[in-house]
>>> print(open('protein02.tsv').read())   # TSV, C-alpha atoms
chain	number	residue	atom	x	y	z
A	19	MET	CA	0.00	0.00	0.00
A	20	ASP	CA	1.35	3.40	-1.02
A	21	PHE	CA	0.19	5.25	2.08
A	22	LYS	CA	1.78	8.50	0.99
A	23	ALA	CA	-0.49	8.61	-2.05
A	24	HIS	CA	-3.47	8.78	0.34
A	25	ILE	CA	-2.13	11.68	2.43
A	26	ARG	CA	-2.90	15.24	1.32
A	27	THR	CA	-0.55	18.14	1.99
A	28	ILE	CA	-2.20	21.45	2.86
A	29	GLU	CA	0.13	24.43	2.66
A	30	ASP	CA	0.05	27.21	5.26
A	31	PHE	CA	-2.12	25.39	7.82
A	32	PRO	CA	-2.60	26.10	10.66
A	33	LYS	CA	-0.30	29.06	9.97
A	34	PRO	CA	1.85	30.39	7.12
A	35	GLY	CA	4.91	28.28	6.33
A	36	ILE	CA	3.52	25.01	7.71
A	37	SER	CA	2.89	22.11	5.31
A	38	PHE	CA	0.13	20.23	7.11
A	39	LYS	CA	-0.19	16.49	6.47
A	40	ASP	CA	-3.92	15.79	6.12
A	41	ILE	CA	-4.65	12.17	7.01
A	42	THR	CA	-8.43	12.38	6.56
A	43	THR	CA	-8.05	11.32	2.92
A	44	LEU	CA	-6.36	8.12	4.09
A	45	LEU	CA	-8.86	7.46	6.87
A	46	GLN	CA	-11.90	7.76	4.65
A	47	ASP	CA	-10.47	5.22	2.16
A	48	LYS	CA	-11.46	1.87	3.60
A	49	ASP	CA	-8.59	-0.03	2.02
A	50	ALA	CA	-5.92	2.47	3.06
A	51	PHE	CA	-7.26	2.79	6.61
A	52	HIS	CA	-7.46	-0.96	7.01
A	53	ALA	CA	-3.99	-1.49	5.59
A	54	ALA	CA	-2.47	1.13	7.91
A	55	ILE	CA	-3.95	-0.46	11.03
A	56	GLU	CA	-2.93	-3.93	9.83
A	57	ALA	CA	0.64	-2.86	9.12
A	58	ILE	CA	1.16	-1.53	12.63
A	59	ALA	CA	-0.74	-4.40	14.23
A	60	GLN	CA	1.26	-7.08	12.44
A	61	TYR	CA	4.53	-5.44	13.45
A	62	TYR	CA	3.69	-5.48	17.18
A	63	GLU	CA	1.39	-8.49	17.33
A	64	TYR	CA	3.98	-10.89	18.74
A	65	LYS	CA	4.47	-8.63	21.75
A	66	GLN	CA	0.94	-9.34	22.98
A	67	VAL	CA	0.36	-5.91	24.46
A	68	ASP	CA	-2.29	-5.47	27.15
A	69	VAL	CA	-3.18	-1.85	26.41
A	70	VAL	CA	-2.92	0.61	23.52
A	71	THR	CA	-2.90	4.29	24.44
A	72	GLY	CA	-2.55	7.64	22.70
A	73	PRO	CA	-3.22	11.37	23.07
A	74	GLU	CA	-6.45	13.04	21.92
A	75	ALA	CA	-7.91	13.55	19.43
A	76	ARG	CA	-6.27	12.14	16.29
A	77	GLY	CA	-4.25	9.68	18.34
A	78	TYR	CA	-7.50	7.98	19.34
A	79	ILE	CA	-8.28	7.09	15.74
A	80	PHE	CA	-5.26	4.81	15.44
A	81	ALA	CA	-4.93	3.75	19.07
A	82	SER	CA	-8.54	2.58	19.36
A	83	ALA	CA	-8.60	0.58	16.13
A	84	LEU	CA	-5.25	-0.98	17.08
A	85	ALA	CA	-6.51	-1.87	20.55
A	86	PHE	CA	-9.45	-3.66	18.97
A	87	ARG	CA	-7.28	-5.40	16.38
A	88	LEU	CA	-4.72	-6.51	18.98
A	89	GLY	CA	-7.28	-7.67	21.54
A	90	ALA	CA	-6.01	-5.05	23.98
A	91	GLY	CA	-7.67	-2.44	26.17
A	92	PHE	CA	-7.63	1.26	25.26
A	93	VAL	CA	-6.58	4.13	27.53
A	94	PRO	CA	-7.27	7.72	26.37
A	95	ILE	CA	-4.63	10.33	27.22
A	96	ARG	CA	-6.55	13.58	27.57
A	97	LYS	CA	-6.08	17.31	27.80
A	98	PRO	CA	-6.44	18.65	31.37
A	99	GLY	CA	-9.91	18.82	32.92
A	100	LYS	CA	-11.59	16.29	30.62
A	101	LEU	CA	-11.29	13.15	32.74
A	102	PRO	CA	-13.85	12.79	35.53
A	103	TYR	CA	-11.94	10.65	38.05
A	104	LYS	CA	-8.68	11.27	39.91
A	105	THR	CA	-5.90	11.87	37.42
A	106	ARG	CA	-2.15	11.76	37.03
A	107	ARG	CA	-0.80	14.73	35.04
A	108	ILE	CA	2.34	15.61	33.16
A	109	SER	CA	3.30	19.09	31.95
A	110	TYR	CA	5.59	19.62	28.99
A	111	ALA	CA	7.14	22.53	27.13
A	112	LEU	CA	5.79	23.82	23.83
A	113	GLU	CA	7.52	26.24	21.49
A	114	TYR	CA	5.75	29.00	23.41
A	115	GLY	CA	4.42	28.13	26.85
A	116	GLU	CA	3.49	24.68	28.08
A	117	ASP	CA	0.76	22.10	27.88
A	118	ALA	CA	-0.29	19.11	29.96
A	119	LEU	CA	-1.74	15.63	29.55
A	120	GLU	CA	-3.71	13.47	31.97
A	121	VAL	CA	-4.76	9.87	32.49
A	122	HIS	CA	-6.83	8.39	35.27
A	123	GLU	CA	-4.80	7.25	38.24
A	124	ASP	CA	-6.15	3.71	37.77
A	125	ALA	CA	-5.67	3.66	33.99
A	126	PHE	CA	-2.79	1.16	34.02
A	127	THR	CA	-1.71	-1.74	36.22
A	128	ALA	CA	1.98	-2.20	37.02
A	129	GLY	CA	3.60	-4.72	34.71
A	130	GLN	CA	1.24	-4.26	31.78
A	131	LYS	CA	2.66	-4.19	28.26
A	132	VAL	CA	1.67	-0.95	26.53
A	133	LEU	CA	1.76	0.31	22.93
A	134	VAL	CA	1.77	4.12	22.58
A	135	VAL	CA	0.28	5.49	19.34
A	136	ASP	CA	-0.18	8.86	17.66
A	137	ASP	CA	-0.88	9.93	14.10
A	138	LEU	CA	2.23	12.07	13.63
A	139	LEU	CA	5.76	12.34	15.02
A	140	ALA	CA	7.01	15.92	14.67
A	141	THR	CA	9.32	17.33	17.37
A	142	GLY	CA	8.22	14.55	19.70
A	143	GLY	CA	7.14	16.70	22.64
A	144	THR	CA	3.64	15.27	22.96
A	145	ILE	CA	4.67	11.64	22.55
A	146	ARG	CA	7.61	12.00	24.94
A	147	ALA	CA	5.24	13.41	27.58
A	148	SER	CA	2.77	10.61	26.84
A	149	ILE	CA	5.45	7.96	27.31
A	150	ASP	CA	6.72	9.51	30.52
A	151	LEU	CA	3.19	9.68	31.89
A	152	VAL	CA	2.51	6.05	30.97
A	153	GLU	CA	5.81	4.83	32.40
A	154	SER	CA	5.11	6.48	35.74
A	155	PHE	CA	2.73	3.51	36.26
A	156	ASP	CA	5.61	0.98	36.12
A	157	VAL	CA	4.35	-0.55	32.89
A	158	HIS	CA	6.47	-1.74	29.95
A	159	VAL	CA	6.27	0.44	26.83
A	160	GLU	CA	6.64	-2.22	24.13
A	161	GLY	CA	6.53	0.16	21.21
A	162	VAL	CA	5.65	3.59	19.85
A	163	ALA	CA	3.83	3.80	16.51
A	164	PHE	CA	2.97	6.63	14.14
A	165	LEU	CA	1.34	6.89	10.77
A	166	ILE	CA	3.64	9.76	9.75
A	167	GLU	CA	7.14	10.85	10.79
A	168	LEU	CA	8.55	14.27	9.86
A	169	THR	CA	12.17	13.18	9.90
A	170	SER	CA	13.73	16.65	9.61
A	171	LEU	CA	12.30	17.58	13.03
A	172	GLU	CA	14.27	14.72	14.62
A	173	GLY	CA	11.51	13.72	17.04
A	174	ARG	CA	12.88	10.18	17.00
A	175	LYS	CA	15.89	11.35	19.02
A	176	ARG	CA	13.56	12.05	21.93
A	177	LEU	CA	12.20	8.51	21.85
A	178	GLY	CA	15.43	6.90	22.98
A	179	ASN	CA	15.60	3.14	22.47
A	180	TYR	CA	11.92	2.34	22.12
A	181	ASP	CA	10.83	0.10	19.29
A	182	ALA	CA	9.34	2.97	17.25
A	183	ILE	CA	7.89	2.72	13.75
A	184	SER	CA	6.21	5.06	11.29
A	185	LEU	CA	4.47	4.01	8.08
A	186	VAL	CA	5.29	7.17	6.11
A	187	GLN	CA	8.27	9.52	6.33
A	188	TYR	CA	8.62	13.08	5.00
B	20	MET	CA	-21.35	-9.01	28.80
B	21	ASP	CA	-22.64	-6.81	31.62
B	22	PHE	CA	-21.44	-3.52	30.15
B	23	LYS	CA	-22.98	-1.48	32.95
B	24	ALA	CA	-20.71	-3.20	35.48
B	25	HIS	CA	-17.73	-1.73	33.60
B	26	ILE	CA	-18.99	1.87	33.61
B	27	ARG	CA	-18.18	4.10	36.56
B	28	THR	CA	-20.46	6.90	37.72
B	29	ILE	CA	-18.74	10.08	38.94
B	30	GLU	CA	-21.02	12.43	40.83
B	31	ASP	CA	-20.90	16.20	40.31
B	32	PHE	CA	-18.74	16.16	37.15
B	33	PRO	CA	-18.24	18.37	35.25
B	34	LYS	CA	-20.50	20.44	37.53
B	35	PRO	CA	-22.65	19.90	40.65
B	36	GLY	CA	-25.73	17.78	40.06
B	37	ILE	CA	-24.37	15.89	37.04
B	38	SER	CA	-23.83	12.12	37.34
B	39	PHE	CA	-21.09	11.58	34.78
B	40	LYS	CA	-20.82	8.16	33.13
B	41	ASP	CA	-17.12	7.34	32.97
B	42	ILE	CA	-16.45	4.88	30.14
B	43	THR	CA	-12.67	4.72	30.61
B	44	THR	CA	-13.08	1.75	32.96
B	45	LEU	CA	-14.82	-0.14	30.15
B	46	LEU	CA	-12.32	0.90	27.48
B	47	GLN	CA	-9.29	-0.20	29.46
B	48	ASP	CA	-10.79	-3.68	30.01
B	49	LYS	CA	-9.83	-5.59	26.88
B	50	ASP	CA	-12.74	-8.01	27.09
B	51	ALA	CA	-15.37	-5.33	27.72
B	52	PHE	CA	-14.01	-3.03	25.02
B	53	HIS	CA	-13.86	-5.86	22.49
B	54	ALA	CA	-17.36	-7.05	23.36
B	55	ALA	CA	-18.82	-3.54	23.01
B	56	ILE	CA	-17.36	-3.04	19.54
B	57	GLU	CA	-18.44	-6.54	18.50
B	58	ALA	CA	-21.99	-6.02	19.73
B	59	ILE	CA	-22.46	-2.88	17.65
B	60	ALA	CA	-20.61	-4.35	14.66
B	61	GLN	CA	-22.67	-7.52	14.58
B	62	TYR	CA	-25.90	-5.54	14.73
B	63	TYR	CA	-25.04	-3.42	11.67
B	64	GLU	CA	-22.78	-5.83	9.79
B	65	TYR	CA	-25.41	-6.92	7.25
B	66	LYS	CA	-25.85	-3.32	6.11
B	67	GLN	CA	-22.31	-3.27	4.69
B	68	VAL	CA	-21.68	0.38	5.46
B	69	ASP	CA	-19.01	2.26	3.51
B	70	VAL	CA	-18.07	4.76	6.20
B	71	VAL	CA	-18.28	5.09	9.98
B	72	THR	CA	-18.24	8.62	11.38
B	73	GLY	CA	-18.54	10.34	14.75
B	74	PRO	CA	-17.80	13.59	16.61
B	75	GLU	CA	-14.56	14.23	18.48
B	76	ALA	CA	-13.08	13.18	20.80
B	77	ARG	CA	-14.77	10.24	22.55
B	78	GLY	CA	-16.83	9.45	19.46
B	79	TYR	CA	-13.62	8.59	17.63
B	80	ILE	CA	-12.87	5.75	20.04
B	81	PHE	CA	-15.93	3.78	18.99
B	82	ALA	CA	-16.24	5.02	15.41
B	83	SER	CA	-12.66	4.19	14.50
B	84	ALA	CA	-12.65	0.68	15.96
B	85	LEU	CA	-16.02	0.02	14.30
B	86	ALA	CA	-14.77	1.29	10.95
B	87	PHE	CA	-11.87	-1.14	11.19
B	88	ARG	CA	-14.07	-4.03	12.31
B	89	LEU	CA	-16.64	-3.38	9.54
B	90	GLY	CA	-14.09	-2.88	6.77
B	91	ALA	CA	-15.29	0.69	6.32
B	92	GLY	CA	-13.59	4.06	6.05
B	93	PHE	CA	-13.57	6.55	8.93
B	94	VAL	CA	-14.55	10.23	8.76
B	95	PRO	CA	-13.80	12.47	11.77
B	96	ILE	CA	-16.39	15.12	12.61
B	97	ARG	CA	-14.42	17.94	14.21
B	98	LYS	CA	-14.81	21.12	16.18
B	99	PRO	CA	-14.40	24.28	14.05
B	100	GLY	CA	-10.93	25.24	12.87
B	101	LYS	CA	-9.30	21.82	13.26
B	102	LEU	CA	-9.66	20.51	9.72
B	103	PRO	CA	-7.08	21.77	7.24
B	104	TYR	CA	-9.00	21.53	3.95
B	105	LYS	CA	-12.24	23.18	2.81
B	106	THR	CA	-15.04	22.27	5.19
B	107	ARG	CA	-18.79	22.02	5.47
B	108	ARG	CA	-20.09	23.32	8.80
B	109	ILE	CA	-23.23	23.01	10.89
B	110	SER	CA	-24.13	25.15	13.89
B	111	TYR	CA	-26.44	23.90	16.62
B	112	ALA	CA	-27.94	25.21	19.83
B	113	LEU	CA	-26.59	24.32	23.26
B	114	GLU	CA	-28.28	24.95	26.58
B	115	TYR	CA	-26.47	28.28	26.63
B	116	GLY	CA	-25.15	29.55	23.31
B	117	GLU	CA	-24.26	27.45	20.30
B	118	ASP	CA	-21.57	25.19	18.95
B	119	ALA	CA	-20.57	23.95	15.50
B	120	LEU	CA	-19.16	20.86	13.80
B	121	GLU	CA	-17.24	20.45	10.56
B	122	VAL	CA	-16.24	17.81	8.06
B	123	HIS	CA	-14.18	18.17	4.91
B	124	GLU	CA	-16.20	19.01	1.84
B	125	ASP	CA	-14.91	15.83	0.17
B	126	ALA	CA	-15.43	13.61	3.23
B	127	PHE	CA	-18.35	11.65	1.76
B	128	THR	CA	-19.46	10.57	-1.70
B	129	ALA	CA	-23.15	10.73	-2.61
B	130	GLY	CA	-24.85	7.37	-2.18
B	131	GLN	CA	-22.48	6.00	0.47
B	132	LYS	CA	-23.92	4.03	3.38
B	133	VAL	CA	-22.89	5.64	6.66
B	134	LEU	CA	-22.98	4.58	10.32
B	135	VAL	CA	-22.92	7.49	12.83
B	136	VAL	CA	-21.43	6.69	16.24
B	137	ASP	CA	-20.91	8.45	19.56
B	138	ASP	CA	-20.21	7.27	23.08
B	139	LEU	CA	-23.29	8.78	24.73
B	140	LEU	CA	-26.82	9.85	23.77
B	141	ALA	CA	-28.00	12.59	26.15
B	142	THR	CA	-30.26	15.35	24.78
B	143	GLY	CA	-29.20	14.43	21.26
B	144	GLY	CA	-28.06	17.86	20.11
B	145	THR	CA	-24.59	16.82	19.00
B	146	ILE	CA	-25.68	13.65	17.23
B	147	ARG	CA	-28.60	15.39	15.53
B	148	ALA	CA	-26.21	18.02	14.16
B	149	SER	CA	-23.78	15.27	13.13
B	150	ILE	CA	-26.51	13.42	11.22
B	151	ASP	CA	-27.75	16.58	9.51
B	152	LEU	CA	-24.20	17.45	8.47
B	153	VAL	CA	-23.59	13.95	7.11
B	154	GLU	CA	-26.91	13.83	5.26
B	155	SER	CA	-26.15	17.10	3.49
B	156	PHE	CA	-23.83	14.95	1.32
B	157	ASP	CA	-26.76	12.86	-0.01
B	158	VAL	CA	-25.54	9.72	1.73
B	159	HIS	CA	-27.69	7.08	3.45
B	160	VAL	CA	-27.47	7.03	7.25
B	161	GLU	CA	-27.90	3.31	7.90
B	162	GLY	CA	-27.76	3.55	11.67
B	163	VAL	CA	-26.83	5.53	14.76
B	164	ALA	CA	-25.03	3.74	17.60
B	165	PHE	CA	-24.13	4.65	21.16
B	166	LEU	CA	-22.51	2.88	24.04
B	167	ILE	CA	-24.76	4.67	26.55
B	168	GLU	CA	-28.24	6.21	26.36
B	169	LEU	CA	-29.58	8.48	29.11
B	170	THR	CA	-33.23	7.69	28.46
B	171	SER	CA	-34.72	10.38	30.71
B	172	LEU	CA	-33.27	13.10	28.47
B	173	GLU	CA	-35.25	11.72	25.53
B	174	GLY	CA	-32.51	12.25	22.98
B	175	ARG	CA	-33.94	9.38	20.95
B	176	LYS	CA	-36.92	11.56	20.00
B	177	ARG	CA	-34.55	13.76	18.02
B	178	LEU	CA	-33.26	10.82	16.03
B	179	GLY	CA	-36.52	10.22	14.19
B	180	ASN	CA	-36.76	6.87	12.44
B	181	TYR	CA	-33.10	5.94	12.21
B	182	ASP	CA	-32.08	2.45	13.23
B	183	ALA	CA	-30.54	3.58	16.53
B	184	ILE	CA	-29.12	1.33	19.23
B	185	SER	CA	-27.41	1.78	22.60
B	186	LEU	CA	-25.71	-0.97	24.59
B	187	VAL	CA	-26.48	0.47	28.03
B	188	GLN	CA	-29.41	2.56	29.24
B	189	TYR	CA	-29.69	4.70	32.37
>>> encode(input="protein02.tsv", output="C-alpha cells")
Amino acid sequence: MDFKAHIRTIEDFPKPGISFKDITTLLQDKDAFHAAIEAIAQYYEYKQVDVVTGPEARGYIFASALAFRLGAGFVPIRKPGKLPYKTRRISYALEYGEDALEVHEDAFTAGQKVLVVDDLLATGGTIRASIDLVESFDVHVEGVAFLIELTSLEGRKRLGNYDAISLVQY
Amino acid sequence: MDFKAHIRTIEDFPKPGISFKDITTLLQDKDAFHAAIEAIAQYYEYKQVDVVTGPEARGYIFASALAFRLGAGFVPIRKPGKLPYKTRRISYALEYGEDALEVHEDAFTAGQKVLVVDDLLATGGTIRASIDLVESFDVHVEGVAFLIELTSLEGRKRLGNYDAISLVQY
C-alpha cells in the first residue's frame, strides 16, 4: 500500500509556512485505513500488548482501532480537565508556553505491556510526555507507533531506544 | 457481557448535580471493550456500510474501531478550525449559546452508506447536528449507535426513524 499517495498536503495550515499532512483522505479510504492499522498491528502483534494508548484527538483514531485489532484495552490520554476521576498529570514545554496531559490514576496496572500510538511524530514533545506519563505507572512500553514521521524535526531522538515505527516519512 | 458493570459513575462532574458516566473503565478492560465493539458491529454488519463517522473526541474511540471491524472508512467530525482543507459546517444550539461541527467538503461521496457513532446519547443535540451534516452529502445514514443512552433526556426523540441502538441505558 502506497500510504503516501493517500495523504494530502495542505500548505500554510494552521499558519503560514507550515505544510500540514492531512490524514483524513487516508482514513476515509477503507482499504488504506485498514492497511495502515494492519501494518502496525502485524509489526507489534507478537508482543501481545495489554493496552494501547494515545493522546487526543487524532491519536484515538489509530490507538482505538489498534486496541481492537490486537485484543487489547484502550486508555485515552486527555487534555487537562476532561477526565472525571482522579488523574495523574504531566506538563511539557511547547515552542511558546506549556501544555499538559492526563490519564486516570487507575488507567494502568503495574507490569502491563503498553503500545503508545499517535498519528504524527514531529518534534516529539507530545509523545515524549505521553510515554513519561505512561511509564510512571511501572508498565512496559513495548513500542511507539505513528502513521507519519517528519524526519527533519528529529523527534525520534527524543524517543530513545523504544521500538518505534512510522508508516510514512517526510 | 454486563457492560454497565464496567462503567463508573462520577457524581458532580463536570459540575454539581451531574452524574457523569465514565467509560474509561470499560475501554481499558480488553474483554469489555472488544465485546462492546463486537456487539455494535454484529448488529449493523449486514448493512455493509461504507463509512463510519462520529464527533470528536470520545466518538472517535468507537467510530474508528467500528470502521476497522466493519471494513469501512472513517470520517472524523471535528470542532471548528481543526480541519485543514475546505469544510462544510453546521451550527447547533446548546443549553447556553451554540456550537458547531465540521467535516471536509470531500469527506463523503453521494450514495455512500454511513454509520454514525458516539459514546453517549444525552439530549441528542450533538448527534442530531452530526446526522444533519452527514446527510447534506446525499448519503444514506444506515444507523446511529451509542454505548450509553440516558433515556430520561429523551434524545432518541430527536433521532426520528433511524435504526438507533445503545448498549447500556440509564
>>> atom_distance(input="protein02.tsv", atom1="atom CA of Glu121 of chain B", atom2="atom CA of Gly100 of chain B")
8.3 Å
>>> residues_around(input="protein02.tsv", residues="Ile167 of chain B", least_positions_apart="5", cutoff="10 Å", atoms="all atoms listed in the file", output="PyMOL selection string")
chain B and resi 22-23+26+40+42+137-141+184-189
>>> write_last_selection(input="protein02.tsv", atoms="C-alpha atoms", output="PDB file, in the frame of the given file")
ATOM      1  CA  PHE B  22     -21.440  -3.520  30.150  1.00  0.00           C
ATOM      2  CA  LYS B  23     -22.980  -1.480  32.950  1.00  0.00           C
ATOM      3  CA  ILE B  26     -18.990   1.870  33.610  1.00  0.00           C
ATOM      4  CA  LYS B  40     -20.820   8.160  33.130  1.00  0.00           C
ATOM      5  CA  ILE B  42     -16.450   4.880  30.140  1.00  0.00           C
ATOM      6  CA  ASP B 137     -20.910   8.450  19.560  1.00  0.00           C
ATOM      7  CA  ASP B 138     -20.210   7.270  23.080  1.00  0.00           C
ATOM      8  CA  LEU B 139     -23.290   8.780  24.730  1.00  0.00           C
ATOM      9  CA  LEU B 140     -26.820   9.850  23.770  1.00  0.00           C
ATOM     10  CA  ALA B 141     -28.000  12.590  26.150  1.00  0.00           C
ATOM     11  CA  ILE B 184     -29.120   1.330  19.230  1.00  0.00           C
ATOM     12  CA  SER B 185     -27.410   1.780  22.600  1.00  0.00           C
ATOM     13  CA  LEU B 186     -25.710  -0.970  24.590  1.00  0.00           C
ATOM     14  CA  VAL B 187     -26.480   0.470  28.030  1.00  0.00           C
ATOM     15  CA  GLN B 188     -29.410   2.560  29.240  1.00  0.00           C
ATOM     16  CA  TYR B 189     -29.690   4.700  32.370  1.00  0.00           C
TER      17      TYR B 189
END
>>> closest_atom_pairs(input="protein02.tsv", of="chain B", to="chain A", cutoff="7 Å", atoms="all atoms listed in the file", output="Markdown table")
| residue | atom | partner | partner_atom | distance |
| --- | --- | --- | --- | --- |
| B:Ile29 | CA | A:Pro102 | CA | 6.5 |
| B:Phe32 | CA | A:Pro102 | CA | 6.2 |
| B:Asp41 | CA | A:Pro102 | CA | 6.9 |
| B:Thr43 | CA | A:Val93 | CA | 6.9 |
| B:Leu46 | CA | A:Phe92 | CA | 5.2 |
| B:Gln47 | CA | A:Gly91 | CA | 4.3 |
| B:Asp48 | CA | A:Gly91 | CA | 5.1 |
| B:Lys49 | CA | A:Gly91 | CA | 3.9 |
| B:Phe52 | CA | A:Gly91 | CA | 6.5 |
| B:His53 | CA | A:Phe86 | CA | 6.1 |
| B:Glu75 | CA | A:Ala75 | CA | 6.8 |
| B:Ala76 | CA | A:Ala75 | CA | 5.4 |
| B:Tyr79 | CA | A:Ile79 | CA | 5.9 |
| B:Ile80 | CA | A:Ser82 | CA | 5.4 |
| B:Ser83 | CA | A:Ile79 | CA | 5.4 |
| B:Ala84 | CA | A:Ala83 | CA | 4.1 |
| B:Phe87 | CA | A:His52 | CA | 6.1 |
| B:Gly90 | CA | A:Lys48 | CA | 6.3 |
| B:Ala91 | CA | A:Lys48 | CA | 4.8 |
| B:Gly92 | CA | A:Lys48 | CA | 3.9 |
| B:Phe93 | CA | A:Gln46 | CA | 4.8 |
| B:Val94 | CA | A:Gln46 | CA | 5.5 |
| B:Pro103 | CA | A:Phe31 | CA | 6.2 |
| B:Tyr104 | CA | A:Ile28 | CA | 6.9 |
| B:Ala126 | CA | A:Gln46 | CA | 7.0 |
>>> atom_distance(input="protein02.tsv", atom1="atom CA of Ile58 of chain A", atom2="atom CA of Asp156 of chain A")
24.0 Å
>>> residues_around(input="protein02.tsv", residues="Glu124 of chain B", least_positions_apart="5", cutoff="10 Å", atoms="all atoms listed in the file", output="PDB file with C-alpha atoms, in the coordinates of the input")
ATOM      1  CA  TYR B 104      -9.000  21.530   3.950  1.00  0.00           C
ATOM      2  CA  LYS B 105     -12.240  23.180   2.810  1.00  0.00           C
ATOM      3  CA  THR B 106     -15.040  22.270   5.190  1.00  0.00           C
ATOM      4  CA  ARG B 107     -18.790  22.020   5.470  1.00  0.00           C
ATOM      5  CA  ARG B 108     -20.090  23.320   8.800  1.00  0.00           C
ATOM      6  CA  PHE B 156     -23.830  14.950   1.320  1.00  0.00           C
TER       7      PHE B 156
END
>>> residues_around(input="protein02.tsv", residues="segment 148-151 of chain B", least_positions_apart="5", cutoff="8 Å", atoms="all atoms listed in the file", output="PyMOL selection string")
chain B and resi 73-74+96+109-111+120+135+160
>>> write_last_selection(input="protein02.tsv", atoms="C-alpha atoms", output="PDB file, keeping the file's coordinate frame")
ATOM      1  CA  GLY B  73     -18.540  10.340  14.750  1.00  0.00           C
ATOM      2  CA  PRO B  74     -17.800  13.590  16.610  1.00  0.00           C
ATOM      3  CA  ILE B  96     -16.390  15.120  12.610  1.00  0.00           C
ATOM      4  CA  ILE B 109     -23.230  23.010  10.890  1.00  0.00           C
ATOM      5  CA  SER B 110     -24.130  25.150  13.890  1.00  0.00           C
ATOM      6  CA  TYR B 111     -26.440  23.900  16.620  1.00  0.00           C
ATOM      7  CA  LEU B 120     -19.160  20.860  13.800  1.00  0.00           C
ATOM      8  CA  VAL B 135     -22.920   7.490  12.830  1.00  0.00           C
ATOM      9  CA  VAL B 160     -27.470   7.030   7.250  1.00  0.00           C
TER      10      VAL B 160
END
>>> closest_residue(input="protein02.tsv", among="A:Gly173, A:Pro98, A:Gly178, A:Gly161", to="Asp117 of chain A", atoms="only C-alpha atoms")
A:Pro98
>>> residues_around(input="protein02.tsv", residues="Val68 of chain B", least_positions_apart="4", cutoff="7 Å", atoms="all atoms listed in the file", output="number ranges by chain")
B: 91, 132-134
>>> build_atoms(input="protein02.tsv", residues="segment 176-188 of chain B", atoms="N, CA, C and O atoms", output="PDB file, in the frame of the given file")
ATOM      1  N   LYS B 176     -35.844  10.878  20.747  1.00  0.00           N
ATOM      2  CA  LYS B 176     -36.920  11.560  20.000  1.00  0.00           C
ATOM      3  C   LYS B 176     -36.369  12.412  18.864  1.00  0.00           C
ATOM      4  O   LYS B 176     -37.051  12.651  17.873  1.00  0.00           O
ATOM      5  N   ARG B 177     -35.142  12.900  19.055  1.00  0.00           N
ATOM      6  CA  ARG B 177     -34.550  13.760  18.020  1.00  0.00           C
ATOM      7  C   ARG B 177     -33.923  12.959  16.897  1.00  0.00           C
ATOM      8  O   ARG B 177     -33.456  13.536  15.921  1.00  0.00           O
ATOM      9  N   LEU B 178     -33.894  11.656  17.046  1.00  0.00           N
ATOM     10  CA  LEU B 178     -33.260  10.820  16.030  1.00  0.00           C
ATOM     11  C   LEU B 178     -34.253  10.326  14.983  1.00  0.00           C
ATOM     12  O   LEU B 178     -33.866   9.677  14.016  1.00  0.00           O
ATOM     13  N   GLY B 179     -35.538  10.610  15.189  1.00  0.00           N
ATOM     14  CA  GLY B 179     -36.520  10.220  14.190  1.00  0.00           C
ATOM     15  C   GLY B 179     -36.552   8.722  13.992  1.00  0.00           C
ATOM     16  O   GLY B 179     -36.545   7.954  14.956  1.00  0.00           O
ATOM     17  N   ASN B 180     -36.553   8.283  12.748  1.00  0.00           N
ATOM     18  CA  ASN B 180     -36.760   6.870  12.440  1.00  0.00           C
ATOM     19  C   ASN B 180     -35.469   6.114  12.106  1.00  0.00           C
ATOM     20  O   ASN B 180     -35.514   5.049  11.527  1.00  0.00           O
ATOM     21  N   TYR B 181     -34.342   6.662  12.465  1.00  0.00           N
ATOM     22  CA  TYR B 181     -33.100   5.940  12.210  1.00  0.00           C
ATOM     23  C   TYR B 181     -33.054   4.660  13.030  1.00  0.00           C
ATOM     24  O   TYR B 181     -33.670   4.553  14.090  1.00  0.00           O
ATOM     25  N   ASP B 182     -32.302   3.708  12.524  1.00  0.00           N
ATOM     26  CA  ASP B 182     -32.080   2.450  13.230  1.00  0.00           C
ATOM     27  C   ASP B 182     -31.013   2.720  14.294  1.00  0.00           C
ATOM     28  O   ASP B 182     -29.815   2.585  14.041  1.00  0.00           O
ATOM     29  N   ALA B 183     -31.458   3.138  15.474  1.00  0.00           N
ATOM     30  CA  ALA B 183     -30.540   3.580  16.530  1.00  0.00           C
ATOM     31  C   ALA B 183     -30.484   2.568  17.665  1.00  0.00           C
ATOM     32  O   ALA B 183     -31.524   2.106  18.143  1.00  0.00           O
ATOM     33  N   ILE B 184     -29.258   2.234  18.092  1.00  0.00           N
ATOM     34  CA  ILE B 184     -29.120   1.330  19.230  1.00  0.00           C
ATOM     35  C   ILE B 184     -28.155   1.918  20.268  1.00  0.00           C
ATOM     36  O   ILE B 184     -27.292   2.730  19.950  1.00  0.00           O
ATOM     37  N   SER B 185     -28.356   1.487  21.521  1.00  0.00           N
ATOM     38  CA  SER B 185     -27.410   1.780  22.600  1.00  0.00           C
ATOM     39  C   SER B 185     -27.207   0.483  23.371  1.00  0.00           C
ATOM     40  O   SER B 185     -28.137  -0.316  23.504  1.00  0.00           O
ATOM     41  N   LEU B 186     -26.002   0.283  23.875  1.00  0.00           N
ATOM     42  CA  LEU B 186     -25.710  -0.970  24.590  1.00  0.00           C
ATOM     43  C   LEU B 186     -26.114  -0.915  26.048  1.00  0.00           C
ATOM     44  O   LEU B 186     -26.367  -1.945  26.663  1.00  0.00           O
ATOM     45  N   VAL B 187     -26.170   0.288  26.613  1.00  0.00           N
ATOM     46  CA  VAL B 187     -26.480   0.470  28.030  1.00  0.00           C
ATOM     47  C   VAL B 187     -27.438   1.636  28.165  1.00  0.00           C
ATOM     48  O   VAL B 187     -27.236   2.675  27.539  1.00  0.00           O
ATOM     49  N   GLN B 188     -28.462   1.467  28.996  1.00  0.00           N
ATOM     50  CA  GLN B 188     -29.410   2.560  29.240  1.00  0.00           C
ATOM     51  C   GLN B 188     -29.437   2.921  30.732  1.00  0.00           C
ATOM     52  O   GLN B 188     -29.359   2.042  31.582  1.00  0.00           O
TER      53      GLN B 188
END
